[in-house]
Amino acid sequence: MDGAERQLFEQAVRRATTTCSGDAAALDAALDEIGWHDALATERRTAIPVLFEAQGAAVAASSALDHVVLGALGVDPGTGAGAVVLPPLGRWRPPGRLGAGLSAHGLGTSALSRAAAALVVADTGEGAAAVSVPPEALALRPVEGMDPWLGLVVVQAETDRMGPGVALAPDAWAAAVDEARLALGHELVGAAGAMLDLARVHALERVQFGRPIAAFQAVRHRLADTLVAVEAARALLGAAWDDRSSDTVAMAKAVAGRSARLAARHCQQVLAGMGFTTEHPLHRYVRRVLVLDELFGSARSLTGDLGRSLVAGGPLPAPVAL
Amino acid sequence: MDLDGFRAGLDEWLAREMPALAPGHRGAGTLDEQVAQLAKVKRLAYDAGWMRWGWPERVGGLGGSPLLRAYLGEALTSADLVEPGIYSMTEVLAPTMVDYAAPELAAAMVPRLLRGDETWCQGFSEPGTGSNLAALTCRAARGEDGWRVTGQKVWTSLAQYARRCVLLTRTGPPDSAHRGITALFVDMDTPGITVRPIETIHGAAEFCEVFFDDVPVPFDRMLGAEGQGWSVAMDLLPYERSTALWHRGAHLQHRLGRLLEEAAADALDPVELGEVVQLLAALRARSRATQHRMAAGGRLGPETSVDKVLLATAEQALFDLAQGALAGEMLLADDPVGARWRSEFLYSRAATIYGGSAEIQRNIIARRLLGLGEDR
């Protein structure tokens, strides 16, 4: 895509995420029409940031994360598996274990209950394999929890209703984890940026003591810190796309998660009573980023892991080259 | 010369010339030693060409992208060959000369700075003018054959070593604020200038008070036109937050590596450590994007305040971590290694003060980037 094409693509994606914000199936259809799935196949570095930032900004849900994981695994979603089982909260090991039967513990997007077949990446003891399973064999349990609008389902199944396992290349799952983390990092940044916009508009409109609260330094500095956090995450995501090292990707996901949590805290404080009601959209972002932070490793767990590996004598992540 | 070629050539030169380049002192060295070491390294790097790349040919440079300067500073600070703060002053002072000095003056003077023949300083802050720079009062009065400068500057880094000073003066009426400021290029050996170094908490007299008593400065030493000094200052500040900041980030990365070597494993809190590594990585990623924007000809502006907030946050977090993990060295050791950690920890407290305080950076972000209007 050249500059103009990219701009049109971005506008179309943004429009789709805004219009279909409450309906994952509708957003999937709209993305297909725009050609997002084709773009994902050929220009991942454009398709992933553009969609996931827009999806975060609109608190929309879709099966895009399934497609990112399937694409990184090298599995063609056209062959029937339109959905994939994600690891449980805070984890990133393959969600399945393959022995005599298949045991699968994890999560799925709303696409999992709609798909004809679901892909489970399973540990075989000698490596990882991809197994196709009918969704009804996965004992899917829809959950509302913190963020009912995300439409997550919990997978907790032992089954022998499955297709043959296809062995995956040794680094295929790691590549899928990296791309999922990049996608989620962009979604967190999109959500954090949208929270900042909401708080910014409120600060300019809300008058107290005879002036907009945006004139008070305590308010200004909270919002400035939020922008710094969002930009730090965005920059590190960009560096991760450039150097494609798993270390940089993990750091970018962690920083994005921490930035989004900080944005939620500061923006909720600035929006005050307004942001505490369900009549204002902020609460949905607050809920969303808590869940997104946990998927494929939270800021807390990734940061602790990094520190522990260094304390144990592991090497520092190579700094991104100029 | 492209960046890859420069990197390969420079790395090879550094490896070969390391015995000649290495400092004679252990640890951080005294300020005198650091200044002498800086002059030596600049001279060797200039003569070999490395210090000239990335600067325009009309000021003695060899042309090429400013990215080359960024990498040179990264390589020199990462190899512990120069103290990054005083090395990077060139990155602020030379662009000001390139952009605002008369061409002959820039051509005559900039090579002396690049080659390390001369140290220069920057006279901005005053006792009554810290964050509120536009209120400065150091007066330049129009005389027969030049300006006559009277007043005082403070926090002037390396003034006691400096041959020249980029000086902001009040040439308009006292209440002319940012409109009545003129930048001058002053020879520090002019009669009437008195320099008094100030000993700081980190143990080096890096900053000075500078007193001007009816000091003559020729008209052709103006940088920009009369009344244009505010633009000179505003254009210079983003340089402080771009290449200089990239160098500092590289230096912090290097010190993080040393910390991991020197600290006992059980002295480091893994979560705190992991967060410091991430903060430095985010700073580097942000600063890298700024370098590339500048190299592509982009004009740097208020968005560099984000870089500065990230630097200050990362620098203080790193040395807070070091202070806890190396408490014995930091608090009790009097050897050069312990003294260096102590000095660096104490210096890091200034990261949220110098070059526009943390509060000023956040004000800039709020007003210029978030459009939150005036704060009154």
# chains A, B, ... in the order shown; residues from 1 in each chain; ligands from 1
call {"tool": "interface_residues", "arguments": {"of": "chain B", "to": "chain A", "cutoff": "8 Å", "atoms": "only C-alpha atoms", "output": "compact mmCIF listing (two decimals) with N, CA and C atoms, in the first residue's frame"}}
result
# COMPACT_ATOMS: atom_id res chain seq x y z
N LEU B 67 22.15 11.21 11.66
CA LEU B 67 22.17 9.89 12.31
C LEU B 67 23.60 9.45 12.59
N TYR B 71 25.06 8.05 16.11
CA TYR B 71 25.77 6.79 16.35
C TYR B 71 27.15 7.03 16.95
N GLY B 257 24.11 -2.30 32.12
CA GLY B 257 24.94 -3.49 31.95
C GLY B 257 25.94 -3.64 33.08
N LEU B 260 24.30 -4.80 36.34
CA LEU B 260 24.02 -6.23 36.39
C LEU B 260 25.30 -7.02 36.68
N ALA B 265 23.09 -10.98 42.80
CA ALA B 265 21.80 -11.36 42.21
C ALA B 265 20.65 -11.10 43.18
N ASP B 266 20.86 -11.42 44.47
CA ASP B 266 19.73 -11.29 45.40
C ASP B 266 19.51 -9.84 45.84
N LEU B 268 18.84 -7.46 43.63
CA LEU B 268 18.00 -6.81 42.63
C LEU B 268 16.58 -7.33 42.70
N ASP B 269 15.62 -6.44 42.83
CA ASP B 269 14.22 -6.84 42.79
C ASP B 269 13.83 -7.07 41.32
N PRO B 270 13.39 -8.30 40.97
CA PRO B 270 13.17 -8.61 39.55
C PRO B 270 12.16 -7.68 38.87
N VAL B 271 11.08 -7.35 39.56
CA VAL B 271 10.06 -6.52 38.91
C VAL B 271 10.59 -5.10 38.68
N GLU B 272 11.29 -4.58 39.70
CA GLU B 272 11.86 -3.23 39.55
C GLU B 272 12.90 -3.23 38.42
N LEU B 273 13.71 -4.28 38.39
CA LEU B 273 14.73 -4.39 37.33
C LEU B 273 14.08 -4.50 35.96
N GLY B 274 13.08 -5.38 35.84
CA GLY B 274 12.41 -5.55 34.55
C GLY B 274 11.82 -4.24 34.06
N GLU B 275 11.27 -3.48 35.00
CA GLU B 275 10.65 -2.21 34.60
C GLU B 275 11.71 -1.21 34.13
N GLN B 278 12.63 -2.03 30.63
CA GLN B 278 11.56 -1.60 29.71
C GLN B 278 11.54 -0.09 29.53
N ALA B 281 14.25 0.79 27.21
CA ALA B 281 13.93 0.36 25.83
C ALA B 281 12.92 1.31 25.20
N ALA B 282 11.94 1.75 25.99
CA ALA B 282 10.92 2.67 25.46
C ALA B 282 11.55 4.03 25.15
N LEU B 283 12.42 4.49 26.03
CA LEU B 283 13.13 5.75 25.78
C LEU B 283 13.92 5.66 24.49
N ARG B 284 14.63 4.55 24.33
CA ARG B 284 15.46 4.38 23.14
C ARG B 284 14.61 4.33 21.87
N ALA B 285 13.49 3.63 21.95
CA ALA B 285 12.60 3.53 20.78
C ALA B 285 12.05 4.91 20.40
N ARG B 286 11.65 5.66 21.41
CA ARG B 286 11.11 7.00 21.15
C ARG B 286 12.19 7.91 20.57
N ARG B 288 14.89 7.11 19.08
CA ARG B 288 15.27 6.64 17.75
C ARG B 288 14.33 7.21 16.69
N ALA B 289 13.03 7.18 16.98
CA ALA B 289 12.07 7.74 16.02
C ALA B 289 12.34 9.24 15.82
N VAL B 306 8.16 14.88 25.22
CA VAL B 306 7.84 13.50 25.59
C VAL B 306 9.15 12.73 25.80
N VAL B 309 10.73 13.70 29.16
CA VAL B 309 10.07 13.10 30.34
C VAL B 309 10.48 11.63 30.45
N LEU B 310 10.54 10.93 29.32
CA LEU B 310 10.94 9.52 29.35
C LEU B 310 12.37 9.37 29.84
N GLU B 359 8.15 19.66 35.34
CA GLU B 359 6.89 20.41 35.34
C GLU B 359 6.75 21.22 34.04
N ARG B 362 5.83 18.95 31.18
CA ARG B 362 4.41 18.56 31.21
C ARG B 362 3.53 19.74 30.82
N ASN B 363 3.94 20.96 31.17
CA ASN B 363 3.17 22.13 30.73
C ASN B 363 3.20 22.24 29.21
N ILE B 365 3.65 19.80 27.07
CA ILE B 365 2.83 18.71 26.52
C ILE B 365 1.36 19.06 26.62
N ALA B 366 0.96 19.59 27.76
CA ALA B 366 -0.47 19.91 27.97
C ALA B 366 -0.93 21.01 27.01
N LEU B 370 -1.55 18.54 23.73
CA LEU B 370 -2.92 18.13 24.06
C LEU B 370 -3.92 19.26 23.84
N LEU B 372 -4.66 21.87 25.68
CA LEU B 372 -5.48 22.14 26.87
C LEU B 372 -5.57 23.63 27.19
N GLY B 373 -5.03 24.48 26.34
CA GLY B 373 -5.14 25.92 26.57
C GLY B 373 -4.14 26.41 27.60
N GLU B 374 -4.28 27.67 27.97
CA GLU B 374 -3.35 28.26 28.95
C GLU B 374 -3.70 27.75 30.35
N ASP B 375 -2.68 27.77 31.22
CA ASP B 375 -2.94 27.24 32.57
C ASP B 375 -3.29 28.35 33.56
N ARG B 376 -3.93 29.37 33.08
CA ARG B 376 -4.37 30.38 34.03
C ARG B 376 -5.68 31.00 33.53
call {"tool": "residues_around", "arguments": {"residues": "stretch 39-41 of chain A", "least_positions_apart": "4", "cutoff": "8 Å", "atoms": "only C-alpha atoms", "output": "list in words"}}
result
Gly35, Thr46, Ala47, Ile48, Val68 and Gly71 of chain A
call {"tool": "closest_residue", "arguments": {"among": "B:Leu256, B:Ala70, B:Leu167, B:Val276", "to": "B:Thr96", "atoms": "only C-alpha atoms"}}
result
B:Leu167
call {"tool": "select_by_dssp", "arguments": {"residues": "stretch 159-266 of chain B", "states": "helix (DSSP H, G or I)", "output": "PyMOL selection string"}}
result
chain B and resi 177-180+219-221+229-240+243-262+265-266
call {"tool": "write_last_selection", "arguments": {"atoms": "C-alpha atoms", "output": "PDB file, in the first residue's frame"}}
result
ATOM      1  CA  ALA B 177       9.565  39.419  27.440  1.00  0.00           C
ATOM      2  CA  HIS B 178      10.446  37.001  24.612  1.00  0.00           C
ATOM      3  CA  ARG B 179      10.382  39.775  21.987  1.00  0.00           C
ATOM      4  CA  GLY B 180      13.331  41.758  23.358  1.00  0.00           C
ATOM      5  CA  PHE B 219      27.849  43.665  16.395  1.00  0.00           C
ATOM      6  CA  ASP B 220      28.999  40.903  14.048  1.00  0.00           C
ATOM      7  CA  ARG B 221      28.817  38.464  16.965  1.00  0.00           C
ATOM      8  CA  GLY B 229      17.101  35.496  20.579  1.00  0.00           C
ATOM      9  CA  TRP B 230      13.951  33.718  21.678  1.00  0.00           C
ATOM     10  CA  SER B 231      13.805  31.826  18.371  1.00  0.00           C
ATOM     11  CA  VAL B 232      17.466  30.901  18.761  1.00  0.00           C
ATOM     12  CA  ALA B 233      16.738  29.480  22.212  1.00  0.00           C
ATOM     13  CA  MET B 234      13.558  27.703  21.156  1.00  0.00           C
ATOM     14  CA  ASP B 235      15.249  26.122  18.134  1.00  0.00           C
ATOM     15  CA  LEU B 236      18.153  24.974  20.264  1.00  0.00           C
ATOM     16  CA  LEU B 237      16.124  23.317  23.009  1.00  0.00           C
ATOM     17  CA  PRO B 238      14.761  20.481  20.844  1.00  0.00           C
ATOM     18  CA  TYR B 239      18.384  19.552  19.977  1.00  0.00           C
ATOM     19  CA  GLU B 240      18.896  19.025  23.691  1.00  0.00           C
ATOM     20  CA  THR B 243      20.731  13.705  19.613  1.00  0.00           C
ATOM     21  CA  ALA B 244      22.030  14.628  23.065  1.00  0.00           C
ATOM     22  CA  LEU B 245      19.257  12.585  24.570  1.00  0.00           C
ATOM     23  CA  TRP B 246      20.018   9.598  22.354  1.00  0.00           C
ATOM     24  CA  HIS B 247      23.601   9.689  23.647  1.00  0.00           C
ATOM     25  CA  ARG B 248      22.410   9.822  27.238  1.00  0.00           C
ATOM     26  CA  GLY B 249      20.077   6.883  26.659  1.00  0.00           C
ATOM     27  CA  ALA B 250      22.986   4.864  25.268  1.00  0.00           C
ATOM     28  CA  HIS B 251      25.061   5.778  28.309  1.00  0.00           C
ATOM     29  CA  LEU B 252      22.283   4.647  30.670  1.00  0.00           C
ATOM     30  CA  GLN B 253      22.007   1.354  28.796  1.00  0.00           C
ATOM     31  CA  HIS B 254      25.746   0.891  29.304  1.00  0.00           C
ATOM     32  CA  ARG B 255      25.461   1.638  33.036  1.00  0.00           C
ATOM     33  CA  LEU B 256      22.595  -0.837  33.333  1.00  0.00           C
ATOM     34  CA  GLY B 257      24.935  -3.492  31.951  1.00  0.00           C
ATOM     35  CA  ARG B 258      27.560  -2.558  34.561  1.00  0.00           C
ATOM     36  CA  LEU B 259      24.962  -2.671  37.322  1.00  0.00           C
ATOM     37  CA  LEU B 260      24.023  -6.233  36.386  1.00  0.00           C
ATOM     38  CA  GLU B 261      27.695  -7.214  36.503  1.00  0.00           C
ATOM     39  CA  GLU B 262      28.402  -5.540  39.820  1.00  0.00           C
ATOM     40  CA  ALA B 265      21.802 -11.355  42.206  1.00  0.00           C
ATOM     41  CA  ASP B 266      19.734 -11.286  45.400  1.00  0.00           C
TER      42      ASP B 266
END
call {"tool": "closest_atom_pairs", "arguments": {"of": "stretch 185-263 of chain A", "to": "stretch 172-179 of chain A", "cutoff": "9 Å", "atoms": "only C-alpha atoms", "output": "Markdown table"}}
result
| residue | atom | partner | partner_atom | distance |
| --- | --- | --- | --- | --- |
| A:Arg244 | CA | A:Asp178 | CA | 8.5 |
| A:Ser245 | CA | A:Asp178 | CA | 8.6 |
| A:Ser246 | CA | A:Asp178 | CA | 6.2 |
| A:Val249 | CA | A:Asp178 | CA | 6.2 |
| A:Ala250 | CA | A:Asp178 | CA | 7.4 |
call {"tool": "write_last_selection", "arguments": {"atoms": "C-alpha atoms", "output": "mmCIF file, in the first residue's frame"}}
result
data_model
loop_
_atom_site.group_PDB
_atom_site.id
_atom_site.type_symbol
_atom_site.label_atom_id
_atom_site.label_comp_id
_atom_site.auth_asym_id
_atom_site.auth_seq_id
_atom_site.Cartn_x
_atom_site.Cartn_y
_atom_site.Cartn_z
ATOM 1 C CA ARG A 244 11.226 -8.511 15.352
ATOM 2 C CA SER A 245 12.963 -9.855 18.427
ATOM 3 C CA SER A 246 10.707 -11.654 20.901
ATOM 4 C CA VAL A 249 7.880 -7.608 21.503
ATOM 5 C CA ALA A 250 7.390 -8.794 25.089
#
call {"tool": "atom_distance", "arguments": {"atom1": "atom CA of A:Val289", "atom2": "atom CA of A:Asp23"}}
result
18.4 Å
call {"tool": "select_by_dssp", "arguments": {"residues": "stretch 168-318 of chain A", "states": "strand (DSSP E or B)", "output": "number ranges by chain"}}
result
A: 207-208, 211-212
call {"tool": "atom_distance", "arguments": {"atom1": "atom CA of B:Pro103", "atom2": "atom CA of B:Gly227"}}
result
19.4 Å
call {"tool": "residues_around", "arguments": {"residues": "stretch 186-192 of chain A", "least_positions_apart": "3", "cutoff": "9 Å", "atoms": "only C-alpha atoms", "output": "PyMOL selection string"}}
result
chain A and resi 48-59+181-183+195-197+226-227+230-231+233-234+237+253+256-257+259-264+285-286+288-289+292-293
call {"tool": "residues_around", "arguments": {"residues": "B:Gly224", "least_positions_apart": "3", "cutoff": "7 Å", "atoms": "only C-alpha atoms", "output": "count of residues only"}}
result
3
call {"tool": "closest_residue", "arguments": {"among": "B:Leu133, B:Ala45, B:Ala295, B:Ala317", "to": "B:Val82", "atoms": "only C-alpha atoms"}}
result
B:Ala45
call {"tool": "residues_around", "arguments": {"residues": "A:Thr159", "least_positions_apart": "4", "cutoff": "12 Å", "atoms": "only C-alpha atoms", "output": "number ranges by chain"}}
result
A: 96-105, 120, 131-139, 155, 163
call {"tool": "residues_around", "arguments": {"residues": "stretch 142-145 of chain A", "least_positions_apart": "6", "cutoff": "10 Å", "atoms": "only C-alpha atoms", "output": "list in words"}}
result
Leu107, Gly108, Thr109, Ser110, Ser113, Gly151, Leu152, Val153, Val154, Val155, Arg287 and Val291 of chain A
call {"tool": "atom_distance", "arguments": {"atom1": "atom CA of A:Asp2", "atom2": "atom CA of A:Arg45"}}
result
13.2 Å
call {"tool": "closest_residue", "arguments": {"among": "B:Val41, B:Ile198, B:Ile193, B:Cys121", "to": "B:Gln152", "atoms": "only C-alpha atoms"}}
result
B:Ile193
call {"tool": "closest_residue", "arguments": {"among": "B:Ala312, B:Met51, B:Cys138, B:Ala159", "to": "B:Pro174", "atoms": "only C-alpha atoms"}}
result
B:Cys138
call {"tool": "residues_around", "arguments": {"residues": "B:His292", "least_positions_apart": "5", "cutoff": "10 Å", "atoms": "only C-alpha atoms", "output": "ChimeraX atom specification"}}
result
/A:322 /B:65-67,287,297-298
call {"tool": "closest_residue", "arguments": {"among": "B:Ala102, B:Ala22, B:Ile86, B:Leu114", "to": "B:Gly54", "atoms": "only C-alpha atoms"}}
result
B:Leu114
